[in-house]
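Structure file upload_12.txt (compact mmCIF, C-alpha atoms) follows.
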```txt
# COMPACT_ATOMS: atom_id res chain seq x y z
CA MET X 114 121.12 2.62 50.62
CA ALA X 115 122.78 5.92 51.27
CA GLU X 116 126.26 6.73 52.40
CA VAL X 117 128.19 9.84 53.22
CA ILE X 118 131.80 10.09 52.14
CA GLY X 119 133.37 13.38 53.07
CA ASN X 120 131.10 16.04 51.72
CA LYS X 121 129.49 13.70 49.24
CA LEU X 122 126.23 11.88 49.69
CA ILE X 123 125.88 8.75 47.66
CA VAL X 124 122.46 7.23 47.20
CA MET X 125 122.12 3.79 45.73
CA PRO X 126 119.31 3.72 43.23
CA VAL X 127 116.81 0.89 43.33
CA LYS X 128 115.32 1.66 39.96
CA GLY X 129 115.76 4.22 37.25
CA ALA X 130 115.94 4.93 33.56
CA TYR X 131 119.10 4.13 31.64
CA ILE X 132 121.13 7.21 30.83
CA PRO X 133 123.78 6.38 28.26
CA ARG X 134 127.42 7.09 29.03
CA MET X 135 130.36 7.09 26.73
CA ASP X 136 132.05 3.69 26.25
CA ASP X 137 129.12 1.75 27.71
CA ILE X 138 128.45 -1.60 26.09
CA VAL X 139 124.72 -1.83 25.41
CA LEU X 140 122.37 -4.24 23.70
CA GLY X 141 119.84 -2.68 21.41
CA ARG X 142 117.27 -3.48 18.81
CA VAL X 143 117.05 -1.86 15.40
CA THR X 144 113.81 0.09 15.03
CA ASP X 145 114.40 1.90 11.76
CA ILE X 146 116.76 2.08 8.84
CA GLY X 147 117.60 5.45 7.41
CA MET X 148 119.72 6.67 4.56
CA SER X 149 122.97 6.66 6.44
CA GLY X 150 122.42 4.54 9.48
CA TRP X 151 120.14 2.73 11.88
CA GLN X 152 117.90 3.89 14.68
CA VAL X 153 118.45 1.62 17.66
CA ASP X 154 116.26 1.19 20.73
CA ILE X 155 118.60 0.86 23.69
CA TYR X 156 115.82 0.84 26.30
CA SER X 157 116.54 4.38 27.39
CA PRO X 158 114.57 7.63 27.13
CA TYR X 159 116.86 8.46 24.24
CA PRO X 160 116.86 6.57 20.93
CA ALA X 161 120.35 5.77 19.70
CA MET X 162 121.79 6.27 16.23
CA LEU X 163 124.20 3.89 14.59
CA PRO X 164 125.75 5.58 11.57
CA ALA X 165 126.67 3.35 8.65
CA SER X 166 130.25 4.45 8.99
CA GLU X 167 130.41 2.80 12.38
CA THR X 168 129.88 -0.74 11.14
CA PRO X 169 132.68 -3.02 10.06
CA MET X 170 132.56 -3.13 6.28
CA ARG X 171 133.30 -6.81 5.89
CA GLY X 172 134.94 -6.14 2.55
CA ARG X 173 131.77 -4.70 1.18
CA ASP X 174 131.25 -1.15 0.07
CA SER X 175 128.70 0.35 2.42
CA ALA X 176 126.83 1.79 -0.56
CA ARG X 177 123.50 3.29 0.35
CA GLY X 178 120.45 1.10 0.18
CA ASP X 179 122.43 -1.85 1.26
CA LEU X 180 122.14 -1.16 4.97
CA ARG X 181 119.35 -3.68 5.28
CA SER X 182 121.73 -6.49 4.53
CA ILE X 183 123.91 -5.59 7.50
CA TYR X 184 121.27 -5.02 10.19
CA GLY X 185 117.54 -5.39 9.59
CA VAL X 186 114.70 -3.99 11.66
CA GLY X 187 114.31 -6.08 14.80
CA ASP X 188 117.90 -7.30 14.87
CA LEU X 189 119.55 -7.33 18.23
CA MET X 190 123.06 -5.98 18.44
CA ILE X 191 125.86 -5.42 20.87
CA ALA X 192 127.13 -1.91 20.51
CA GLN X 193 129.19 0.67 22.26
CA VAL X 194 128.17 4.23 23.04
CA ILE X 195 130.64 6.63 21.46
CA ALA X 196 128.99 9.92 22.22
CA PHE X 197 126.18 11.22 24.35
CA ASP X 198 125.89 14.59 25.99
CA ARG X 199 122.22 15.09 26.87
CA THR X 200 121.68 17.55 24.08
CA ARG X 201 122.17 15.04 21.29
CA ASP X 202 120.92 11.50 20.99
CA PRO X 203 123.50 8.82 21.73
CA LEU X 204 125.73 7.56 18.93
CA LEU X 205 126.71 3.92 18.75
CA THR X 206 129.45 1.93 17.13
CA THR X 207 129.66 -1.74 16.31
CA LYS X 208 133.28 -1.54 15.25
CA GLY X 209 135.33 -3.46 17.70
CA ARG X 210 135.83 -6.85 19.18
CA GLY X 211 132.71 -8.58 20.36
CA LEU X 212 130.42 -5.94 18.93
CA GLY X 213 127.86 -6.53 16.20
CA LYS X 214 124.75 -8.50 15.49
CA VAL X 215 123.52 -11.08 17.97
CA THR X 216 122.78 -14.34 16.23
CA SER X 217 122.21 -16.74 19.07
CA GLY X 218 121.59 -16.87 22.78
CA ARG X 219 118.99 -15.83 25.24
CA VAL X 220 118.23 -12.35 26.50
CA ALA X 221 117.41 -11.29 30.04
CA ARG X 222 116.16 -7.77 30.71
CA ILE X 223 116.61 -6.27 34.15
CA ASN X 224 116.76 -2.78 35.52
CA ASN X 225 120.01 -1.11 34.57
CA THR X 226 120.72 -0.08 38.16
CA LYS X 227 121.22 -3.74 39.01
CA ILE X 228 123.91 -4.36 36.41
CA PRO X 229 126.79 -3.65 38.80
CA ARG X 230 125.37 -6.35 41.04
CA ILE X 231 125.34 -8.86 38.18
CA ILE X 232 128.99 -8.13 37.53
CA GLY X 233 129.83 -8.14 41.21
CA LYS X 234 132.83 -6.92 43.06
CA LYS X 235 135.74 -7.08 40.60
CA GLY X 236 133.57 -9.27 38.39
CA SER X 237 133.19 -11.97 41.03
CA MET X 238 129.50 -12.59 40.40
CA ILE X 239 129.68 -12.77 36.63
CA THR X 240 132.78 -14.97 36.66
CA MET X 241 130.97 -17.36 38.94
CA LEU X 242 127.87 -17.29 36.74
CA LYS X 243 129.87 -18.03 33.62
CA LYS X 244 131.86 -20.79 35.24
CA GLU X 245 129.02 -22.58 36.96
CA THR X 246 126.56 -22.44 34.08
CA GLY X 247 129.14 -22.89 31.34
CA THR X 248 127.73 -19.96 29.39
CA ASP X 249 129.05 -16.71 28.09
CA ILE X 250 127.32 -13.66 29.54
CA ILE X 251 127.46 -10.19 28.12
CA PRO X 252 125.86 -7.60 30.38
CA GLY X 253 124.75 -4.46 28.57
CA GLN X 254 124.92 -1.38 30.76
CA ASN X 255 121.33 -0.65 29.75
CA GLY X 256 120.09 -3.72 31.60
CA VAL X 257 119.88 -6.08 28.66
CA ILE X 258 121.96 -9.18 29.18
CA LEU X 259 122.90 -11.71 26.54
CA VAL X 260 123.48 -15.29 27.59
CA THR X 261 124.94 -17.76 25.11
CA GLY X 262 125.61 -21.36 25.98
CA ARG X 263 126.09 -24.70 24.34
CA ASN X 264 122.63 -25.89 25.23
CA PRO X 265 119.38 -24.12 26.07
CA ASP X 266 119.17 -25.58 29.57
CA GLN X 267 122.38 -23.89 30.60
CA GLU X 268 121.14 -20.62 29.21
CA LEU X 269 117.86 -20.98 31.08
CA ILE X 270 119.63 -21.54 34.36
CA ALA X 271 121.87 -18.54 33.80
CA VAL X 272 118.84 -16.35 32.99
CA GLU X 273 117.07 -17.62 36.06
CA ALA X 274 120.13 -16.78 38.15
CA ILE X 275 120.21 -13.28 36.68
CA TYR X 276 116.61 -12.63 37.64
CA MET X 277 117.33 -14.02 41.08
CA ILE X 278 120.18 -11.55 41.46
CA GLU X 279 117.92 -8.70 40.37
CA ARG X 280 115.29 -9.69 42.92
CA GLU X 281 117.75 -10.08 45.76
CA ALA X 282 120.32 -7.50 44.75
CA HIS X 283 120.22 -5.86 48.14
CA THR X 284 121.02 -8.89 50.28
CA ALA X 285 124.38 -10.08 51.53
CA GLY X 286 126.05 -13.36 50.64
CA LEU X 287 124.18 -13.45 47.36
CA THR X 288 127.01 -14.93 45.30
CA ASP X 289 127.04 -18.06 47.43
CA ARG X 290 123.30 -18.47 47.36
CA VAL X 291 123.16 -18.05 43.61
CA LYS X 292 125.93 -20.61 43.30
CA THR X 293 124.01 -23.15 45.38
CA MET X 294 120.92 -22.54 43.28
CA ILE X 295 122.83 -23.05 40.05
CA LEU X 296 124.57 -26.19 41.25
CA GLU X 297 121.21 -27.56 42.33
CA ARG X 298 119.70 -26.85 38.92
CA MET X 299 122.71 -28.03 36.95
CA LYS X 300 122.28 -31.54 38.34
CA GLY X 301 120.74 -33.81 35.81
CA ILE X 302 121.86 -31.68 32.91
CA THR X 303 124.51 -33.33 30.85
CA VAL X 304 126.87 -30.73 29.61
CA GLY X 305 128.21 -31.35 26.17
CA GLN X 306 131.90 -30.91 25.58
CA MET J 28 79.16 13.42 60.11
CA ASP J 29 80.62 9.91 60.00
CA GLY J 30 81.77 10.00 63.60
CA ARG J 31 85.11 11.60 63.00
CA ARG J 32 86.51 14.43 65.02
CA LEU J 33 86.67 17.77 63.26
CA ASP J 34 90.37 17.37 62.63
CA GLU J 35 90.40 13.67 61.94
CA LEU J 36 91.39 12.20 58.59
CA ARG J 37 89.48 9.45 56.89
CA PRO J 38 91.28 6.08 56.98
CA ILE J 39 94.00 5.90 54.35
CA LYS J 40 95.56 2.84 52.78
CA LEU J 41 98.53 3.15 50.45
CA GLU J 42 100.15 0.56 48.23
CA VAL J 43 103.14 0.98 45.97
CA GLY J 44 104.19 -0.82 42.81
CA ILE J 45 101.06 -2.77 42.04
CA LEU J 46 101.09 -2.55 38.25
CA ASP J 47 103.59 -4.57 36.23
CA LYS J 48 103.43 -2.71 32.96
CA ALA J 49 103.96 0.76 34.36
CA ASP J 50 107.40 1.94 35.41
CA GLY J 51 105.91 3.08 38.68
CA SER J 52 102.49 2.79 40.26
CA ALA J 53 100.58 3.35 43.46
CA TYR J 54 97.12 2.77 44.81
CA ILE J 55 95.34 4.78 47.46
CA GLU J 56 92.20 4.25 49.44
CA HIS J 57 91.37 7.51 51.10
CA GLY J 58 88.10 7.02 52.90
CA ARG J 59 85.86 5.68 50.18
CA ASN J 60 88.03 7.05 47.39
CA LYS J 61 89.83 4.42 45.39
CA ILE J 62 92.48 5.77 43.07
CA LEU J 63 95.15 4.21 40.94
CA ALA J 64 98.18 6.14 39.72
CA ALA J 65 100.65 4.97 37.07
CA VAL J 66 103.85 6.55 35.81
CA PHE J 67 105.61 5.87 32.55
CA GLY J 68 108.98 7.27 31.84
CA PRO J 69 111.19 9.08 31.57
CA ARG J 70 110.76 7.98 28.00
CA GLU J 71 111.29 9.29 24.53
CA ALA J 72 109.14 12.34 23.84
CA HIS J 73 106.35 11.75 21.35
CA PRO J 74 105.47 13.85 19.45
CA LYS J 75 109.01 15.12 19.21
CA HIS J 76 108.19 18.83 19.17
CA ILE J 77 106.88 18.84 22.74
CA ALA J 78 110.31 17.91 24.08
CA LEU J 79 112.21 20.54 26.05
CA ALA J 80 115.95 20.91 25.65
CA ASP J 81 116.76 21.34 29.30
CA ARG J 82 114.34 19.09 31.17
CA ALA J 83 111.70 16.42 30.92
CA VAL J 84 108.11 17.26 30.08
CA VAL J 85 105.63 16.10 32.67
CA ARG J 86 102.24 15.11 31.33
CA CYS J 87 99.33 14.21 33.49
CA ARG J 88 95.93 12.72 32.88
CA TYR J 89 93.39 12.64 35.65
CA HIS J 90 90.41 10.54 34.75
CA MET J 91 87.35 9.26 36.52
CA ALA J 92 86.05 5.84 35.61
CA PRO J 93 82.43 5.78 34.39
CA PHE J 94 81.57 3.63 37.40
CA SER J 95 83.28 5.86 39.95
CA THR J 96 80.29 8.01 40.76
CA ASP J 97 76.62 7.63 41.71
CA GLU J 98 75.48 8.35 38.22
CA ARG J 99 77.41 7.04 35.27
CA LYS J 100 80.06 9.51 34.29
CA SER J 101 80.80 9.84 30.61
CA PRO J 102 84.26 8.45 30.02
CA ALA J 103 85.17 11.40 27.82
CA PRO J 104 87.46 13.86 29.54
CA SER J 105 85.35 16.64 30.99
CA ARG J 106 86.36 20.22 31.62
CA ARG J 107 86.73 19.40 35.27
CA GLU J 108 89.10 16.55 34.55
CA GLN J 109 91.19 18.72 32.28
CA GLU J 110 91.48 21.32 34.97
CA LEU J 111 92.39 18.76 37.60
CA SER J 112 94.98 17.20 35.29
CA LYS J 113 96.56 20.60 34.99
CA VAL J 114 96.55 21.53 38.67
CA ILE J 115 97.77 18.09 39.70
CA ARG J 116 100.61 18.32 37.23
CA GLU J 117 101.51 21.76 38.47
CA SER J 118 101.49 20.68 42.09
CA LEU J 119 103.79 17.74 41.38
CA GLU J 120 106.19 19.35 38.91
CA PRO J 121 108.19 21.27 41.52
CA SER J 122 108.99 18.00 43.30
CA ILE J 123 110.36 16.28 40.20
CA MET J 124 113.99 16.75 39.26
CA SER J 125 113.07 16.81 35.61
CA GLU J 126 116.36 18.43 34.63
CA TYR J 127 117.98 15.00 34.87
CA TYR J 128 116.12 13.80 31.82
CA PRO J 129 116.19 16.48 29.15
CA ARG J 130 114.20 15.89 25.96
CA SER J 131 112.09 13.14 27.45
CA THR J 132 108.62 12.87 28.91
CA ILE J 133 107.25 11.58 32.16
CA ASP J 134 103.65 10.47 31.78
CA LEU J 135 101.39 10.33 34.75
CA PHE J 136 97.99 8.66 34.78
CA ILE J 137 95.55 9.01 37.61
CA GLU J 138 92.49 6.83 37.40
CA VAL J 139 89.71 7.37 39.90
CA LEU J 140 87.93 4.05 40.41
CA GLN J 141 85.61 5.25 43.12
CA ALA J 142 85.07 8.86 44.08
CA ASP J 143 84.04 10.24 47.42
CA ALA J 144 85.31 13.85 47.45
CA GLY J 145 88.91 14.85 47.73
CA THR J 146 90.02 12.85 44.71
CA ARG J 147 92.45 15.48 43.52
CA CYS J 148 94.28 15.42 46.83
CA ALA J 149 94.29 11.64 47.08
CA GLY J 150 95.33 11.55 43.43
CA ILE J 151 98.32 13.76 44.17
CA THR J 152 99.31 11.60 47.12
CA ALA J 153 99.16 8.46 44.98
CA ALA J 154 100.83 10.05 41.97
CA SER J 155 103.77 11.24 44.01
CA LEU J 156 104.27 7.72 45.34
CA ALA J 157 104.05 6.31 41.82
CA LEU J 158 106.75 8.76 40.70
CA ALA J 159 108.99 7.60 43.51
CA ASP J 160 108.28 3.99 42.61
CA ALA J 161 109.30 4.69 39.02
CA GLY J 162 112.75 5.65 40.25
CA ILE J 163 112.41 9.23 39.16
CA PRO J 164 114.55 11.55 41.28
CA LEU J 165 112.27 13.62 43.49
CA ARG J 166 113.06 16.48 45.79
CA GLU J 167 110.45 15.11 48.13
CA LEU J 168 107.06 13.48 48.22
CA VAL J 169 103.94 15.56 47.80
CA ALA J 170 100.94 14.90 49.98
CA GLY J 171 97.45 16.21 49.39
CA CYS J 172 94.54 16.81 51.71
CA ALA J 173 91.51 19.06 51.88
CA ALA J 174 89.83 21.00 54.64
CA GLY J 175 86.47 22.68 54.56
CA LYS J 176 83.63 24.25 56.45
CA ILE J 177 80.34 22.75 57.53
CA ASP J 178 77.77 24.62 59.63
CA GLY J 179 80.28 27.33 60.40
CA LYS J 180 82.82 24.84 61.70
CA VAL J 181 86.16 24.23 60.05
CA VAL J 182 86.64 20.53 59.42
CA LEU J 183 89.28 18.34 57.85
CA ASP J 184 88.99 16.02 54.87
CA LEU J 185 85.38 16.27 53.72
CA SER J 186 83.64 13.23 52.31
CA ASP J 187 81.19 13.51 49.45
CA THR J 188 78.06 14.08 51.52
CA GLU J 189 79.91 16.46 53.81
CA ASP J 190 81.21 18.34 50.83
CA LYS J 191 77.75 18.74 49.37
CA LYS J 192 76.25 19.90 52.65
CA GLY J 193 79.20 22.04 53.55
CA ASP J 194 79.89 25.70 52.85
CA ALA J 195 83.47 25.52 51.63
CA ASP J 196 86.16 23.15 50.47
CA LEU J 197 89.89 23.87 50.40
CA PRO J 198 92.11 21.29 48.73
CA VAL J 199 95.82 21.63 49.51
CA ALA J 200 98.94 19.88 48.23
CA TYR J 201 101.93 20.29 50.46
CA MET J 202 105.61 19.39 50.58
CA PRO J 203 106.71 19.17 54.21
CA LYS J 204 110.49 19.45 53.83
CA SER J 205 110.53 22.61 51.79
CA ASN J 206 107.39 23.76 53.58
CA SER J 207 105.76 24.73 50.32
CA ILE J 208 102.28 24.50 48.98
CA GLY J 209 101.82 23.16 45.48
CA LEU J 210 98.08 23.39 45.22
CA LEU J 211 95.58 25.63 46.89
CA GLN J 212 92.05 25.89 45.62
CA MET J 213 88.82 26.85 47.26
CA ASP J 214 85.17 26.80 46.51
CA GLY J 215 82.52 28.20 48.77
CA SER J 216 83.28 31.00 51.15
CA MET J 217 85.22 31.35 54.37
CA THR J 218 86.36 34.24 56.48
CA GLU J 219 90.04 35.00 56.64
CA GLU J 220 90.24 33.47 60.10
CA GLU J 221 88.55 30.30 58.96
CA LEU J 222 90.78 30.09 55.92
CA LYS J 223 93.89 30.28 58.07
CA GLN J 224 92.54 27.65 60.38
CA ALA J 225 91.53 25.35 57.53
CA LEU J 226 94.88 25.76 55.81
CA GLU J 227 96.75 24.89 58.96
CA MET J 228 94.56 21.84 59.46
CA ALA J 229 95.11 20.65 55.91
CA VAL J 230 98.86 21.21 56.10
CA ASN J 231 99.08 19.24 59.32
CA ALA J 232 97.08 16.44 57.74
CA CYS J 233 99.45 16.49 54.78
CA ARG J 234 102.34 15.94 57.17
CA THR J 235 100.56 12.89 58.54
CA ILE J 236 99.91 11.60 55.05
CA TYR J 237 103.53 12.26 54.13
CA GLU J 238 104.62 9.89 56.88
CA MET J 239 102.19 7.29 55.57
CA GLN J 240 103.68 7.70 52.10
CA ARG J 241 107.15 7.14 53.45
CA ASN J 242 106.01 4.05 55.29
CA ALA J 243 104.36 2.68 52.17
CA LEU J 244 107.59 3.11 50.23
CA ARG J 245 109.59 1.55 53.03
CA GLN J 246 107.27 -1.39 53.09
CA LYS J 247 107.78 -2.07 49.43
CA TYR J 248 111.52 -1.66 49.65
CA HIS J 249 112.03 -2.71 53.25
CA ILE J 250 114.55 -5.41 52.51
CA GLU J 251 116.50 -2.91 50.50
CA ARG J 252 117.35 -1.10 53.67
CA GLU J 253 118.86 -4.09 55.38
CA GLU J 254 122.07 -4.32 53.54
CA SER J 255 124.19 -2.59 51.01
CA THR J 256 127.92 -2.73 51.07
CA SER J 257 130.06 0.23 50.30
CA GLU J 258 131.76 -1.65 47.45
CA GLU J 259 128.50 -1.84 45.57
CA ILE J 260 127.95 1.84 46.06
CA ALA J 261 131.40 2.55 44.75
CA GLU J 262 130.66 0.44 41.72
CA VAL J 263 127.41 2.18 41.01
CA LYS J 264 129.21 5.46 41.22
CA ALA J 265 132.03 4.36 38.95
```
Full structure transcribed into structure tokens:
Amino acid sequence: MAEVIGNKLIVMPVKGAYIPRMDDIVLGRVTDIGMSGWQVDIYSPYPAMLPASETPMRGRDSARGDLRSIYGVGDLMIAQVIAFDRTRDPLLTTKGRGLGKVTSGRVARINNTKIPRIIGKKGSMITMLKKETGTDIIPGQNGVILVTGRNPDQELIAVEAIYMIEREAHTAGLTDRVKTMILERMKGITVGQ
Amino acid sequence: MDGRRLDELRPIKLEVGILDKADGSAYIEHGRNKILAAVFGPREAHPKHIALADRAVVRCRYHMAPFSTDERKSPAPSRREQELSKVIRESLEPSIMSEYYPRSTIDLFIEVLQADAGTRCAGITAASLALADAGIPLRELVAGCAAGKIDGKVVLDLSDTEDKKGDADLPVAYMPKSNSIGLLQMDGSMTEEELKQALEMAVNACRTIYEMQRNALRQKYHIEREESTSEEIAEVKA
């Protein structure tokens, strides 16, 4: 749980609030639409702001009043933190590959401190998850994880695996155990092409 | 009075993380006191103007359930409860590293389900555990305990009947590592000698309670201690 490296003491958190960092990919929900942007709940003590200028225009003029047609209240989105410095609320962008509104999939919410465990050493855990469940998994650094698969059963298994990882994040040999669990559950599910 | 030695604590039972909806929670049975503490936050400050630019605001509500006492207590917050909310907050604030969460609030709720004297101290003990359970960075845990005087004798941890019969009551909140006192109140009267003796007794009891708090946390997170590889730590850091 704690380790000393040189003159540094590193404590591994078990829980904690999400503090945004620059370049983090997060999943958030629109809570309000303003004149020039959206207010987004990123499950952090700080509400995030997505300015209208940070959305891809899709050929349309981002004339005021039309924001609703891009993201409505309650929409879930994948966004990236572009600025946050503890004195100002975080700014988001949805310009970029893979960013934008979420239209399908299943969401798992875990504590953000466990996200590194979901990804695993050099991405080992998440690669395994994706491969074995046949789903695409996007882990937001704020603890919100999007799972999209071809059929709901696959998504369910992936979500179940994610919660299992959160519960047992502190144990060794977890990747293998999760794999066994998934293989067990995947039996009897016919995977479409 | 109830067969304890003069410097003996009432039996204490601590439990951590028993509420699902709260970010952190703890439950304490201190003698016949039954107290629940819940922590929410750090979260967005509402209303906005109470937010501080350089640290989190800590808010605290101490409340006694209408069924917690012999006679029904009005559920409306009394003067006493407001005072206790304030002193409890002030005794816990120094332990919280609130500078990590500027412009946010940490809300603390202490609900007394059954009261038998010494609720403020037991409340502090539980609240500090709940803060730790919420994953809020703390300098250390705060433990609370009272001492008092009955029939000219200094005694530890008065129960309700003892408190009413006794001559003085001295609640103390204490942080063992920094050796600092976060709360010190007294009603009744004691000589200087007795005060010193009572304070020492209460501080020692707080040390005992502190160990219990640590054990309660360990119990909840015991598996966590078994294993954590350095790679994971490096990743968390990165």
* To do: Take atom CA of Ala83 of chain J and atom CA of Arg130 of chain J and report the distance between them in Å, one decimal.
  =>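 Computing it gives 5.6 Å between the two atoms.
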Taking all atoms listed in the file into account, produce a table as JSON lines in which each residue of chain X with an atom at most 10 Å from an atom of chain J appears once, together with its shortest atom pair and the distance in Å to one decimal, ordered by chain and rising number.
```
{"residue": "X:Met114", "atom": "CA", "partner": "J:Ser255", "partner_atom": "CA", "distance": 6.1}
{"residue": "X:Ala115", "atom": "CA", "partner": "J:Ile260", "partner_atom": "CA", "distance": 8.4}
{"residue": "X:Glu116", "atom": "CA", "partner": "J:Ser257", "partner_atom": "CA", "distance": 7.8}
{"residue": "X:Ile123", "atom": "CA", "partner": "J:Ile260", "partner_atom": "CA", "distance": 7.4}
{"residue": "X:Val124", "atom": "CA", "partner": "J:Ile260", "partner_atom": "CA", "distance": 7.8}
{"residue": "X:Met125", "atom": "CA", "partner": "J:Ile260", "partner_atom": "CA", "distance": 6.2}
{"residue": "X:Pro126", "atom": "CA", "partner": "J:Gly162", "partner_atom": "CA", "distance": 7.5}
{"residue": "X:Val127", "atom": "CA", "partner": "J:Gly162", "partner_atom": "CA", "distance": 7.0}
{"residue": "X:Lys128", "atom": "CA", "partner": "J:Gly162", "partner_atom": "CA", "distance": 4.8}
{"residue": "X:Gly129", "atom": "CA", "partner": "J:Gly162", "partner_atom": "CA", "distance": 4.5}
{"residue": "X:Ala130", "atom": "CA", "partner": "J:Pro69", "partner_atom": "CA", "distance": 6.6}
{"residue": "X:Tyr131", "atom": "CA", "partner": "J:Pro69", "partner_atom": "CA", "distance": 9.3}
{"residue": "X:Ile132", "atom": "CA", "partner": "J:Tyr128", "partner_atom": "CA", "distance": 8.3}
{"residue": "X:Tyr156", "atom": "CA", "partner": "J:Arg70", "partner_atom": "CA", "distance": 8.9}
{"residue": "X:Ser157", "atom": "CA", "partner": "J:Arg70", "partner_atom": "CA", "distance": 6.8}
{"residue": "X:Pro158", "atom": "CA", "partner": "J:Arg70", "partner_atom": "CA", "distance": 3.9}
{"residue": "X:Tyr159", "atom": "CA", "partner": "J:Glu71", "partner_atom": "CA", "distance": 5.6}
{"residue": "X:Pro160", "atom": "CA", "partner": "J:Glu71", "partner_atom": "CA", "distance": 7.2}
{"residue": "X:Arg199", "atom": "CA", "partner": "J:Pro129", "partner_atom": "CA", "distance": 6.6}
{"residue": "X:Thr200", "atom": "CA", "partner": "J:Ala80", "partner_atom": "CA", "distance": 6.8}
{"residue": "X:Arg201", "atom": "CA", "partner": "J:Arg130", "partner_atom": "CA", "distance": 9.3}
{"residue": "X:Asp202", "atom": "CA", "partner": "J:Arg130", "partner_atom": "CA", "distance": 9.4}
{"residue": "X:Thr226", "atom": "CA", "partner": "J:Val263", "partner_atom": "CA", "distance": 7.6}
{"residue": "X:Lys227", "atom": "CA", "partner": "J:Val263", "partner_atom": "CA", "distance": 8.8}
{"residue": "X:Ile228", "atom": "CA", "partner": "J:Val263", "partner_atom": "CA", "distance": 8.7}
{"residue": "X:Pro229", "atom": "CA", "partner": "J:Val263", "partner_atom": "CA", "distance": 6.3}
{"residue": "X:Arg230", "atom": "CA", "partner": "J:Glu259", "partner_atom": "CA", "distance": 7.1}
{"residue": "X:Ile232", "atom": "CA", "partner": "J:Glu262", "partner_atom": "CA", "distance": 9.7}
{"residue": "X:Gly233", "atom": "CA", "partner": "J:Glu259", "partner_atom": "CA", "distance": 7.8}
{"residue": "X:Lys234", "atom": "CA", "partner": "J:Glu258", "partner_atom": "CA", "distance": 6.9}
{"residue": "X:Lys235", "atom": "CA", "partner": "J:Glu262", "partner_atom": "CA", "distance": 9.1}
{"residue": "X:Glu281", "atom": "CA", "partner": "J:Glu251", "partner_atom": "CA", "distance": 8.7}
{"residue": "X:Ala282", "atom": "CA", "partner": "J:Glu251", "partner_atom": "CA", "distance": 8.3}
{"residue": "X:His283", "atom": "CA", "partner": "J:Glu251", "partner_atom": "CA", "distance": 5.3}
{"residue": "X:Thr284", "atom": "CA", "partner": "J:Glu254", "partner_atom": "CA", "distance": 5.7}
{"residue": "X:Ala285", "atom": "CA", "partner": "J:Glu254", "partner_atom": "CA", "distance": 6.5}
```
* To do: Between X:Asp249, X:Asp179, X:Asp145, X:Asp137, single out the one closest to Ile191 of chain X, counting all atoms listed in the file.
  =>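 Counting all atoms listed in the file, the residue closest to Ile191 of chain X is X:Asp137.
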* Could you work out how far atom CA of Ala49 of chain J lies from atom CA of Val272 of chain X, giving the answer in Å with one decimal? -> 22.7 Å
* To do: Counting all atoms listed in the file, figure out which residue out of J:Arg234, J:Arg32, J:Lys176, J:Lys191 gets nearest to Ile208 of chain J.
  => J:Arg234
* To do: Write out as an MDAnalysis selection string each polymer residue whose atoms come within 7 Å of Ala196 of chain X, counting all atoms listed in the file; drop sequence neighbours fewer than 4 positions from it.
  => chainID X and resid 135 203:204
* Excluding same-chain residues fewer than 2 positions from Glu268 of chain X, what lies within 10 Å of it counting only C-alpha atoms, as a list of chain:residue names? ->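 Near neighbours after the sequence-gap exclusion: X:Gly218, X:Arg219, X:Val220, X:Thr246, X:Gly247, X:Thr248, X:Asp249, X:Ile250, X:Leu259, X:Val260, X:Thr261, X:Gly262, X:Arg263, X:Asn264, X:Pro265, X:Asp266, X:Ile270, X:Ala271, X:Val272, X:Glu273, X:Ala274.
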* One-decimal distance in Å that lies between atom CA of Ala142 of chain J and atom CA of Asp29 of chain J ->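 Between atom CA of Asp29 of chain J and atom CA of Ala142 of chain J the gap is 16.6 Å.
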* Asked: Neighbours of segment 178-188 of chain J within 12 Å (only C-alpha atoms; same-chain residues fewer than 4 positions away dropped), as a PyMOL selection string?
  -> chain J and resi 28-39+57-60+96-97+141-149+171-174+192-199+215-233+236
* To do: Name the residues within 8 Å of (125.2, -0.7, 10.5), counting only C-alpha atoms in the file's coordinates, and put them as JSON, numbers by chain.
  => {"X": [150, 151, 163, 164, 165, 166, 167, 168, 169, 180, 183, 184, 207]}
For those residues, write C-alpha atoms to a file as an mmCIF file, in the frame of the given file.
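Produced file out.cif, reproduced below:
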```cif
data_model
loop_
_atom_site.group_PDB
_atom_site.id
_atom_site.type_symbol
_atom_site.label_atom_id
_atom_site.label_comp_id
_atom_site.auth_asym_id
_atom_site.auth_seq_id
_atom_site.Cartn_x
_atom_site.Cartn_y
_atom_site.Cartn_z
ATOM 1 C CA GLY X 150 122.420 4.540 9.480
ATOM 2 C CA TRP X 151 120.140 2.730 11.880
ATOM 3 C CA LEU X 163 124.200 3.890 14.590
ATOM 4 C CA PRO X 164 125.750 5.580 11.570
ATOM 5 C CA ALA X 165 126.670 3.350 8.650
ATOM 6 C CA SER X 166 130.250 4.450 8.990
ATOM 7 C CA GLU X 167 130.410 2.800 12.380
ATOM 8 C CA THR X 168 129.880 -0.740 11.140
ATOM 9 C CA PRO X 169 132.680 -3.020 10.060
ATOM 10 C CA LEU X 180 122.140 -1.160 4.970
ATOM 11 C CA ILE X 183 123.910 -5.590 7.500
ATOM 12 C CA TYR X 184 121.270 -5.020 10.190
ATOM 13 C CA THR X 207 129.660 -1.740 16.310
#
```
* To do: Name the closest residue to Leu210 of chain J among the candidates J:Val84, J:Val114, J:Ala170, J:Ile77; distances are taken between atoms, counting only C-alpha atoms.
  => J:Val114
* List every protein, DNA or RNA residue that has at least one atom no more than 8 Å from (95.1, 7.1, 43.5) in the file's coordinates, counting only C-alpha atoms, and write the result as a ChimeraX atom specification. => /J:53-56,61-64,137-139,146,149-154
